[in-house]
$ cat upload_33.cif   # mmCIF, C-alpha atoms
data_target
loop_
_atom_site.group_PDB
_atom_site.id
_atom_site.type_symbol
_atom_site.label_atom_id
_atom_site.label_comp_id
_atom_site.auth_asym_id
_atom_site.auth_seq_id
_atom_site.Cartn_x
_atom_site.Cartn_y
_atom_site.Cartn_z
ATOM 1 C CA MET A 1 -161.392 63.972 171.898
ATOM 2 C CA SER A 2 -161.363 61.162 169.348
ATOM 3 C CA ASP A 3 -159.451 61.127 166.035
ATOM 4 C CA ASP A 4 -162.751 61.177 164.109
ATOM 5 C CA GLU A 5 -163.865 64.491 165.603
ATOM 6 C CA THR A 6 -164.040 67.302 163.022
ATOM 7 C CA GLY A 7 -165.225 70.874 163.027
ATOM 8 C CA TYR A 8 -163.840 74.401 163.257
ATOM 9 C CA GLY A 9 -160.060 74.167 163.703
ATOM 10 C CA LYS A 10 -160.183 70.349 163.529
ATOM 11 C CA PRO A 11 -159.960 69.195 159.899
ATOM 12 C CA PRO A 12 -160.211 65.481 159.109
ATOM 13 C CA LYS A 13 -156.880 63.653 159.493
ATOM 14 C CA LYS A 14 -156.808 63.073 155.726
ATOM 15 C CA TYR A 15 -156.536 66.830 155.082
ATOM 16 C CA GLN A 16 -154.234 67.857 157.940
ATOM 17 C CA PHE A 17 -150.653 68.858 157.134
ATOM 18 C CA GLN A 18 -148.309 65.904 157.203
ATOM 19 C CA LYS A 19 -145.476 66.028 159.734
ATOM 20 C CA GLY A 20 -142.399 67.694 158.281
ATOM 21 C CA THR A 21 -144.356 69.363 155.464
ATOM 22 C CA SER A 22 -144.942 73.088 155.499
ATOM 23 C CA GLY A 23 -148.414 74.510 155.027
ATOM 24 C CA ASN A 24 -146.843 77.166 152.818
ATOM 25 C CA PRO A 25 -144.287 75.282 150.683
ATOM 26 C CA ARG A 26 -143.339 78.212 148.463
ATOM 27 C CA GLY A 27 -142.959 80.507 151.459
ATOM 28 C CA ARG A 28 -143.457 84.237 151.606
ATOM 29 C CA PRO A 29 -142.698 85.865 148.256
ATOM 30 C CA LYS A 30 -139.536 87.910 148.094
ATOM 31 C CA GLY A 31 -139.921 91.665 147.961
ATOM 32 C CA LYS A 32 -139.313 93.651 144.801
ATOM 33 C CA LYS A 33 -135.636 94.242 144.193
ATOM 34 C CA SER A 34 -134.499 97.805 144.578
ATOM 35 C CA PHE A 35 -133.581 99.928 141.578
ATOM 36 C CA ALA A 36 -129.958 99.804 142.675
ATOM 37 C CA ALA A 37 -129.977 95.971 142.746
ATOM 38 C CA ARG A 38 -131.617 95.729 139.316
ATOM 39 C CA PHE A 39 -129.267 98.392 137.926
ATOM 40 C CA GLN A 40 -126.252 96.487 139.258
ATOM 41 C CA LYS A 41 -127.536 93.245 137.712
ATOM 42 C CA PHE A 42 -127.552 94.866 134.268
ATOM 43 C CA LEU A 43 -124.153 96.445 134.816
ATOM 44 C CA ASP A 44 -122.722 93.021 135.703
ATOM 45 C CA GLU A 45 -123.719 91.503 132.329
ATOM 46 C CA LYS A 46 -120.777 90.656 130.082
ATOM 47 C CA ILE A 47 -120.303 92.121 126.594
ATOM 48 C CA THR A 48 -117.551 91.861 123.999
ATOM 49 C CA VAL A 49 -115.876 95.091 122.917
ATOM 50 C CA ASN A 50 -112.997 95.783 120.563
ATOM 51 C CA ILE A 51 -110.056 97.421 122.306
ATOM 52 C CA ASN A 52 -107.170 98.310 119.999
ATOM 53 C CA GLY A 53 -108.619 95.935 117.399
ATOM 54 C CA LYS A 54 -108.790 92.957 119.770
ATOM 55 C CA PRO A 55 -112.069 91.586 121.177
ATOM 56 C CA GLU A 56 -112.210 91.722 124.956
ATOM 57 C CA THR A 57 -114.973 90.558 127.296
ATOM 58 C CA LEU A 58 -115.896 93.111 129.954
ATOM 59 C CA THR A 59 -118.851 93.794 132.184
ATOM 60 C CA LYS A 60 -121.079 96.627 130.980
ATOM 61 C CA GLU A 61 -119.997 98.580 134.026
ATOM 62 C CA ASP A 62 -116.318 98.209 133.162
ATOM 63 C CA ALA A 63 -116.969 99.108 129.513
ATOM 64 C CA PHE A 64 -118.938 102.200 130.556
ATOM 65 C CA LEU A 65 -116.285 103.368 132.996
ATOM 66 C CA LYS A 66 -113.512 102.753 130.479
ATOM 67 C CA ARG A 67 -115.449 104.766 127.857
ATOM 68 C CA VAL A 68 -116.155 107.715 130.182
ATOM 69 C CA ILE A 69 -112.554 107.848 131.372
ATOM 70 C CA ASN A 70 -111.119 107.534 127.855
ATOM 71 C CA ASP A 71 -113.504 110.210 126.533
ATOM 72 C CA ALA A 72 -112.484 112.534 129.382
ATOM 73 C CA ILE A 73 -108.791 111.945 128.628
ATOM 74 C CA ALA A 74 -109.418 112.551 124.911
ATOM 75 C CA GLY A 75 -111.004 115.901 125.787
ATOM 76 C CA LYS A 76 -114.498 115.170 124.479
ATOM 77 C CA PRO A 77 -116.946 117.904 125.498
ATOM 78 C CA GLY A 78 -118.790 117.149 128.708
ATOM 79 C CA ALA A 79 -116.967 113.873 129.408
ATOM 80 C CA THR A 80 -114.739 115.402 132.074
ATOM 81 C CA ASN A 81 -117.725 116.933 133.855
ATOM 82 C CA GLN A 82 -119.588 113.622 133.660
ATOM 83 C CA LEU A 83 -116.585 111.797 135.096
ATOM 84 C CA ILE A 84 -116.232 114.240 137.987
ATOM 85 C CA ALA A 85 -119.970 114.170 138.711
ATOM 86 C CA LEU A 86 -120.073 110.367 138.534
ATOM 87 C CA LYS A 87 -117.127 110.083 140.910
ATOM 88 C CA GLN A 88 -118.850 112.459 143.345
ATOM 89 C CA MET A 89 -122.141 110.514 143.160
ATOM 90 C CA VAL A 90 -120.353 107.250 143.893
ATOM 91 C CA SER A 91 -118.433 108.639 146.839
ATOM 92 C CA ASP A 92 -121.586 110.246 148.304
ATOM 93 C CA MET A 93 -123.719 107.085 148.137
ATOM 94 C CA PRO A 94 -124.380 105.521 151.543
ATOM 95 C CA ASP A 95 -124.182 101.769 152.093
ATOM 96 C CA THR A 96 -127.665 100.261 151.610
ATOM 97 C CA GLU A 97 -127.038 97.125 153.656
ATOM 98 C CA GLY A 98 -129.413 96.988 156.602
ATOM 99 C CA MET A 99 -131.723 99.658 155.155
ATOM 100 C CA SER A 100 -135.455 99.096 155.020
ATOM 101 C CA ALA A 101 -137.162 98.826 151.637
ATOM 102 C CA SER A 102 -138.699 102.302 151.978
ATOM 103 C CA GLU A 103 -135.310 103.836 152.783
ATOM 104 C CA ARG A 104 -133.750 102.089 149.760
ATOM 105 C CA ASN A 105 -136.618 103.314 147.569
ATOM 106 C CA LYS A 106 -136.019 106.910 148.674
ATOM 107 C CA LEU A 107 -132.296 106.515 147.982
ATOM 108 C CA ASP A 108 -133.076 104.958 144.591
ATOM 109 C CA GLN A 109 -135.314 107.900 143.693
ATOM 110 C CA ALA A 110 -132.612 110.387 144.676
ATOM 111 C CA LEU A 111 -130.043 108.434 142.639
ATOM 112 C CA LEU A 112 -132.346 108.438 139.609
ATOM 113 C CA GLU A 113 -132.899 112.183 139.897
ATOM 114 C CA SER A 114 -129.154 112.793 140.175
ATOM 115 C CA PHE A 115 -128.540 110.581 137.173
ATOM 116 C CA MET A 116 -131.173 112.437 135.134
ATOM 117 C CA GLN A 117 -129.492 115.752 135.966
ATOM 118 C CA LEU A 118 -126.205 114.356 134.620
ATOM 119 C CA MET A 119 -127.765 113.461 131.297
ATOM 120 C CA SER A 120 -127.941 115.897 128.426
ATOM 121 C CA PRO A 121 -131.293 117.525 127.528
ATOM 122 C CA ASP A 122 -131.451 115.372 124.367
ATOM 123 C CA TRP A 123 -131.514 112.197 126.447
ATOM 124 C CA LYS A 124 -134.303 113.537 128.663
ATOM 125 C CA ILE A 125 -136.442 114.221 125.609
ATOM 126 C CA LYS A 126 -135.818 110.692 124.276
ATOM 127 C CA LEU A 127 -136.727 109.111 127.633
ATOM 128 C CA GLU A 128 -139.867 111.208 128.095
ATOM 129 C CA GLY A 129 -140.977 110.583 124.514
ATOM 130 C CA SER A 130 -140.438 106.792 124.674
#
$ encode --input "upload_33.cif" --output "structure tokens"
Amino acid sequence: MSDDETGYGKPPKKYQFQKGTSGNPRGRPKGKKSFAARFQKFLDEKITVNINGKPETLTKEDAFLKRVINDAIAGKPGATNQLIALKQMVSDMPDTEGMSASERNKLDQALLESFMQLMSPDWKIKLEGS
């Protein structure tokens, strides 16, 4: 077979992949991130809150937890139940490492449903009406 031979499966040398260069430089696209991963990304964002009159930078997750705990301690209606339910949800969650995407999606759906049950009826109406 000579170098000039072309045809099916034998492109001209000019158009063949160069040595050391991939035929798919961008590679296979990454899969969609799970709800839990996206949720965690937003919880990890930093915000500035005033605590005892002083600005403090916290993650949204830390600010949320601090608020729920402080509301429960202050005796605000429903805050104690939310805190107990949230603690139970966290302790019941399995580790998602090594799970397939479909398993994570099922877990994400269950987590969403549990979260929706925690929310007050007013919130459900706002979310459905949005």
$ atom_distance --input "upload_33.cif" --atom1 "atom CA of Asp62 of chain A" --atom2 "atom CA of Phe42 of chain A"
11.8 Å
$ residues_around --input "upload_33.cif" --residues "segment 92-104 of chain A" --least-positions-apart "3" --cutoff "12 Å" --atoms "only C-alpha atoms" --output "PyMOL selection string"
chain A and resi 30-37+85-89+107-111+114
$ resolve_selection --input "upload_33.cif" --expression "the PyMOL selection byres ((chain A and resi 46) around 8)" --output "MDAnalysis selection string"
chainID A and resid 44:45 47:48 57:60
$ atom_distance --input "upload_33.cif" --atom1 "atom CA of Gln117 of chain A" --atom2 "atom CA of Val49 of chain A"
28.0 Å
$ atom_distance --input "upload_33.cif" --atom1 "atom CA of Lys66 of chain A" --atom2 "atom CA of Arg38 of chain A"
21.3 Å
$ axis_aligned_box --input "upload_33.cif" --around "segment 103-106 of chain A" --padding-each-side "6 Å" --output "AutoDock Vina command-line options"
--center_x -135.2 --center_y 104.5 --center_z 150.2 --size_x 14.9 --size_y 16.8 --size_z 17.2
$ residues_around --input "upload_33.cif" --residues "Ile84 of chain A" --least-positions-apart "4" --cutoff "12 Å" --atoms "all atoms listed in the file" --output "PyMOL selection string"
chain A and resi 65+68-69+72+78-80+88-91+118
